[in-house]
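The file my_file_26.pdb comes next; it holds PDB, C-alpha atoms and all ligand atoms.
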ATOM      1  CA  MET L   8       0.000   0.000   0.000
ATOM      2  CA  ILE L   9       2.654   2.565   0.901
ATOM      3  CA  GLY L  10       4.847   3.704  -1.938
ATOM      4  CA  ARG L  11       7.795   6.081  -2.134
ATOM      5  CA  LEU L  12       9.259   7.897   0.828
ATOM      6  CA  ASN L  13       8.026  11.418   0.109
ATOM      7  CA  HIS L  14       9.875  13.249   2.873
ATOM      8  CA  VAL L  15      11.304  13.211   6.349
ATOM      9  CA  ALA L  16      10.377  16.247   8.441
ATOM     10  CA  ILE L  17      12.710  17.752  11.023
ATOM     11  CA  VAL L  18      11.657  20.445  13.476
ATOM     12  CA  VAL L  19      14.253  23.190  13.868
ATOM     13  CA  ARG L  20      14.605  26.137  16.177
ATOM     14  CA  ASP L  21      16.036  28.529  13.576
ATOM     15  CA  LEU L  22      14.999  27.896   9.980
ATOM     16  CA  ASP L  23      17.497  30.322   8.439
ATOM     17  CA  ALA L  24      20.395  28.798  10.357
ATOM     18  CA  SER L  25      19.241  25.291   9.413
ATOM     19  CA  THR L  26      18.882  26.316   5.766
ATOM     20  CA  ALA L  27      22.464  27.557   5.813
ATOM     21  CA  LEU L  28      23.595  24.311   7.476
ATOM     22  CA  TYR L  29      22.016  22.105   4.811
ATOM     23  CA  ARG L  30      23.032  24.406   1.930
ATOM     24  CA  ASP L  31      26.542  25.399   2.946
ATOM     25  CA  VAL L  32      27.766  22.540   5.135
ATOM     26  CA  LEU L  33      25.925  19.550   3.660
ATOM     27  CA  GLY L  34      25.928  21.022   0.136
ATOM     28  CA  ALA L  35      22.242  20.400  -0.536
ATOM     29  CA  GLN L  36      19.789  22.295  -2.668
ATOM     30  CA  VAL L  37      17.328  24.094  -0.384
ATOM     31  CA  SER L  38      14.144  25.908  -1.439
ATOM     32  CA  GLN L  39      13.067  29.400  -0.428
ATOM     33  CA  ARG L  40      11.300  29.513   2.927
ATOM     34  CA  MET L  41       7.509  29.405   2.837
ATOM     35  CA  ALA L  42       5.083  30.407   5.555
ATOM     36  CA  LEU L  43       2.119  28.054   5.918
ATOM     37  CA  PRO L  44      -0.114  29.828   8.447
ATOM     38  CA  ALA L  45      -2.866  27.203   8.092
ATOM     39  CA  HIS L  46      -0.404  24.601   9.396
ATOM     40  CA  GLY L  47       1.366  26.839  11.912
ATOM     41  CA  VAL L  48       4.785  26.295  10.341
ATOM     42  CA  SER L  49       7.401  27.891   8.148
ATOM     43  CA  VAL L  50       9.122  25.367   5.928
ATOM     44  CA  VAL L  51      11.963  24.827   3.494
ATOM     45  CA  PHE L  52      12.420  21.755   1.326
ATOM     46  CA  VAL L  53      15.816  20.129   1.021
ATOM     47  CA  GLU L  54      15.792  18.493  -2.414
ATOM     48  CA  LEU L  55      17.662  15.185  -2.497
ATOM     49  CA  PRO L  56      18.097  12.994  -5.575
ATOM     50  CA  ASN L  57      15.706  10.363  -4.193
ATOM     51  CA  SER L  58      13.535  12.228  -1.680
ATOM     52  CA  LYS L  59      13.089  15.414   0.335
ATOM     53  CA  VAL L  60      13.746  16.635   3.826
ATOM     54  CA  GLU L  61      11.426  19.276   5.219
ATOM     55  CA  LEU L  62      12.752  21.633   7.852
ATOM     56  CA  LEU L  63       9.909  23.016   9.971
ATOM     57  CA  GLU L  64       9.977  26.053  12.239
ATOM     58  CA  PRO L  65       6.998  26.981  14.439
ATOM     59  CA  LEU L  66       4.876  29.840  13.109
ATOM     60  CA  GLY L  67       2.456  31.639  15.409
ATOM     61  CA  ALA L  68       1.523  31.193  19.052
ATOM     62  CA  ASP L  69      -0.373  27.896  18.724
ATOM     63  CA  SER L  70       1.882  26.129  16.261
ATOM     64  CA  PRO L  71       1.365  22.352  16.462
ATOM     65  CA  ILE L  72       5.144  21.882  16.636
ATOM     66  CA  ALA L  73       5.835  24.392  19.447
ATOM     67  CA  LYS L  74       5.387  21.695  22.092
ATOM     68  CA  PHE L  75       7.695  19.329  20.219
ATOM     69  CA  LEU L  76      10.412  21.964  20.388
ATOM     70  CA  GLU L  77       9.810  22.393  24.117
ATOM     71  CA  SER L  78      10.527  18.712  24.725
ATOM     72  CA  ASN L  79      13.249  18.606  22.050
ATOM     73  CA  PRO L  80      15.067  21.922  22.490
ATOM     74  CA  ASN L  81      17.668  21.097  19.821
ATOM     75  CA  GLY L  82      14.991  20.120  17.313
ATOM     76  CA  GLY L  83      14.605  16.602  16.010
ATOM     77  CA  MET L  84      12.918  14.251  13.607
ATOM     78  CA  HIS L  85       9.190  14.916  13.666
ATOM     79  CA  HIS L  86       7.561  12.666  11.071
ATOM     80  CA  ILE L  87       8.084  10.563   8.002
ATOM     81  CA  CYS L  88       5.827  10.747   4.956
ATOM     82  CA  TYR L  89       4.935   7.841   2.695
ATOM     83  CA  GLU L  90       3.065   8.166  -0.566
ATOM     84  CA  VAL L  91      -0.155   6.275  -1.220
ATOM     85  CA  ASP L  92      -2.217   6.074  -4.399
ATOM     86  CA  ASP L  93      -5.606   6.411  -2.725
ATOM     87  CA  ILE L  94      -5.692   8.108   0.644
ATOM     88  CA  LEU L  95      -9.277   7.188   1.499
ATOM     89  CA  ALA L  96      -8.681   3.527   0.724
ATOM     90  CA  ALA L  97      -5.495   3.700   2.799
ATOM     91  CA  ARG L  98      -7.384   5.283   5.720
ATOM     92  CA  ASP L  99     -10.090   2.627   5.614
ATOM     93  CA  ARG L 100      -7.559  -0.191   5.511
ATOM     94  CA  LEU L 101      -5.655   1.284   8.457
ATOM     95  CA  LYS L 102      -8.803   1.763  10.525
ATOM     96  CA  ALA L 103      -9.929  -1.771   9.741
ATOM     97  CA  ASN L 104      -6.584  -2.930  11.154
ATOM     98  CA  GLY L 105      -7.006  -0.925  14.342
ATOM     99  CA  ALA L 106      -4.572   1.910  13.553
ATOM    100  CA  ARG L 107      -5.540   5.339  14.806
ATOM    101  CA  VAL L 108      -5.843   8.106  12.236
ATOM    102  CA  LEU L 109      -5.388  11.545  13.818
ATOM    103  CA  GLY L 110      -8.150  14.144  13.698
ATOM    104  CA  ASP L 111     -11.543  13.198  12.301
ATOM    105  CA  GLY L 112     -10.048  11.078   9.526
ATOM    106  CA  THR L 113     -10.749  13.618   6.810
ATOM    107  CA  PRO L 114      -7.624  14.284   4.726
ATOM    108  CA  LYS L 115      -6.244  17.829   4.883
ATOM    109  CA  ILE L 116      -4.352  19.626   2.170
ATOM    110  CA  GLY L 117      -0.654  19.459   3.043
ATOM    111  CA  ALA L 118       2.412  21.502   2.169
ATOM    112  CA  HIS L 119       2.495  20.115  -1.375
ATOM    113  CA  ASN L 120      -1.182  20.872  -2.063
ATOM    114  CA  LYS L 121      -2.059  17.196  -1.844
ATOM    115  CA  PRO L 122      -4.341  15.403   0.635
ATOM    116  CA  VAL L 123      -2.586  14.113   3.753
ATOM    117  CA  LEU L 124      -3.424  12.178   6.926
ATOM    118  CA  PHE L 125      -1.395  11.499  10.064
ATOM    119  CA  LEU L 126      -1.255   8.206  11.963
ATOM    120  CA  HIS L 127      -0.821   7.866  15.705
ATOM    121  CA  PRO L 128       2.846   7.346  16.650
ATOM    122  CA  LYS L 129       1.914   4.813  19.354
ATOM    123  CA  ASP L 130       0.637   2.497  16.633
ATOM    124  CA  PHE L 131       3.816   2.812  14.539
ATOM    125  CA  ASN L 132       6.893   2.266  16.709
ATOM    126  CA  GLY L 133       6.869   5.751  18.153
ATOM    127  CA  THR L 134       6.996   7.421  14.752
ATOM    128  CA  LEU L 135       4.454   9.951  13.548
ATOM    129  CA  ILE L 136       3.524   8.879  10.016
ATOM    130  CA  GLU L 137       2.090  11.144   7.349
ATOM    131  CA  LEU L 138       0.416   9.643   4.306
ATOM    132  CA  GLU L 139       0.216  11.749   1.176
ATOM    133  CA  GLN L 140      -1.817  10.928  -1.885
ATOM    134  CA  ALA L 141       0.797  11.284  -4.615
TER     135      ALA L 141
HETATM  136 CO    CO L 201       5.147  16.310   6.195
END
How does the structure come out when it is put into structure tokens?
Amino acid sequence: MIGRLNHVAIVVRDLDASTALYRDVLGAQVSQRMALPAHGVSVVFVELPNSKVELLEPLGADSPIAKFLESNPNGGMHHICYEVDDILAARDRLKANGARVLGDGTPKIGAHNKPVLFLHPKDFNGTLIELEQA
């Protein structure tokens, strides 16, 4: 059911400093920063030959990643995103197998303008999983 690894997301304290780290020290291609107020994050995409890394910085007072940064003051890996062909079919299969889909189970439009869902980390080895309909 799951397909390509779409991205790994890392929460950072300082997006500009992290952009410079990936661009200048690791020699990666990094996009311009984008503010996504609907998601409470600012983001850049690190473009790798076979996938992407997203660097996320909290945006606004009630950013969903602010608490993560409180418990992980240096930042850290936040979630991993797998592609699926049909997100509703994927959701139904997961629910039928007892996995918890976060929120009300209705896909939201993610950073790439495609429908996404998140799965409870306790059901997946402590890892927050995002599914994106590719
Ligand atoms: Co993501």
Task: Nearest-residue call for Ile136 (chain L), choices L:Ile116, L:Asp111, L:Lys59, L:Met84, using only C-alpha atoms - done: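 Among L:Ile116, L:Asp111, L:Lys59, L:Met84, it is L:Met84 that comes nearest to Ile136 (chain L).
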Report, as JSON, the centre and edge lengths in Å (one decimal) of the axis-aligned box enclosing every listed atom of region 12-27 of chain L, padded by 5 Å on each side.
{"center_x": 15.2, "center_y": 19.1, "center_z": 8.1, "size_x": 24.4, "size_y": 32.4, "size_z": 26.1}
- [ ] Evaluate the PyMOL selection byres (((chain L and resi 72) around 12) and not hetatm) and record the selected residues as number ranges by chain, following the chain and residue labels used in the document.
- [x] L: 16-20, 46-50, 62-71, 73-80, 82-86
- [ ] Run through the PyMOL selection byres (((not hetatm)) within 8 of (chain L and resi 201)) on the given coordinates and return the selected residues as a PyMOL selection string.
- [x] chain L and resi 14-16+61+86-88+117-118+137
Generate a file of the selected residues that holds C-alpha atoms, formatted as a short mmCIF file (atom, residue, chain, number, x, y, z; two decimals), in the frame of the given file.
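Resulting contents of part_22.cif:
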data_model
loop_
_atom_site.label_atom_id
_atom_site.label_comp_id
_atom_site.auth_asym_id
_atom_site.auth_seq_id
_atom_site.Cartn_x
_atom_site.Cartn_y
_atom_site.Cartn_z
CA HIS L 14 9.88 13.25 2.87
CA VAL L 15 11.30 13.21 6.35
CA ALA L 16 10.38 16.25 8.44
CA GLU L 61 11.43 19.28 5.22
CA HIS L 86 7.56 12.67 11.07
CA ILE L 87 8.08 10.56 8.00
CA CYS L 88 5.83 10.75 4.96
CA GLY L 117 -0.65 19.46 3.04
CA ALA L 118 2.41 21.50 2.17
CA GLU L 137 2.09 11.14 7.35
#
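Put simply, CA of Val108 (chain L) is 14.4 Å away from CA of Tyr89 (chain L).
Each of L:Arg11, L:Asn104, L:Val60, L:Ala97 was checked against Thr26 (chain L) using only C-alpha atoms; the smallest atom-to-atom distance is that of L:Val60.
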Open item on the list: So that I can check the surroundings of Asp92 (chain L), please list as a ChimeraX atom specification every protein, DNA and RNA residue that reaches within 9 Å of it, counting only C-alpha atoms and ignoring chain neighbours fewer than 2 positions away.
Closed with: /L:8-10,90,94,96-97,139-141
Task: Resolved residues for the PyMOL selection byres (((chain L and resi 127) around 8) and not hetatm) as a ChimeraX atom specification - done: /L:106-109,125-126,128-131,134-136
Task: Distance of CA of Pro114 (chain L) from CA of Leu95 (chain L), expressed in Å to one decimal place - done: 8.0 Å
- [ ] Work out how far apart CA of Leu124 (chain L) and CA of Leu138 (chain L) are and give it in Å to one decimal.
- [x]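 CA of Leu138 (chain L) lies 5.3 Å from CA of Leu124 (chain L).
Using all atoms listed in the file, the smallest distance between any of L:Gly112, L:Gly105, L:Gly133, L:Leu55 and Asn13 (chain L) comes from L:Leu55.
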Open item on the list: Could you check the closest approach to Glu54 (chain L) for each of L:Arg30, L:Arg100, L:Lys121, L:Lys115 and tell me which residue wins, using only C-alpha atoms?
Closed with: L:Arg30
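Counting only C-alpha atoms, the residue from L:Leu43, L:Leu12, L:Ala35, L:Ala27 that sits nearest to Asn120 (chain L) is L:Leu43.
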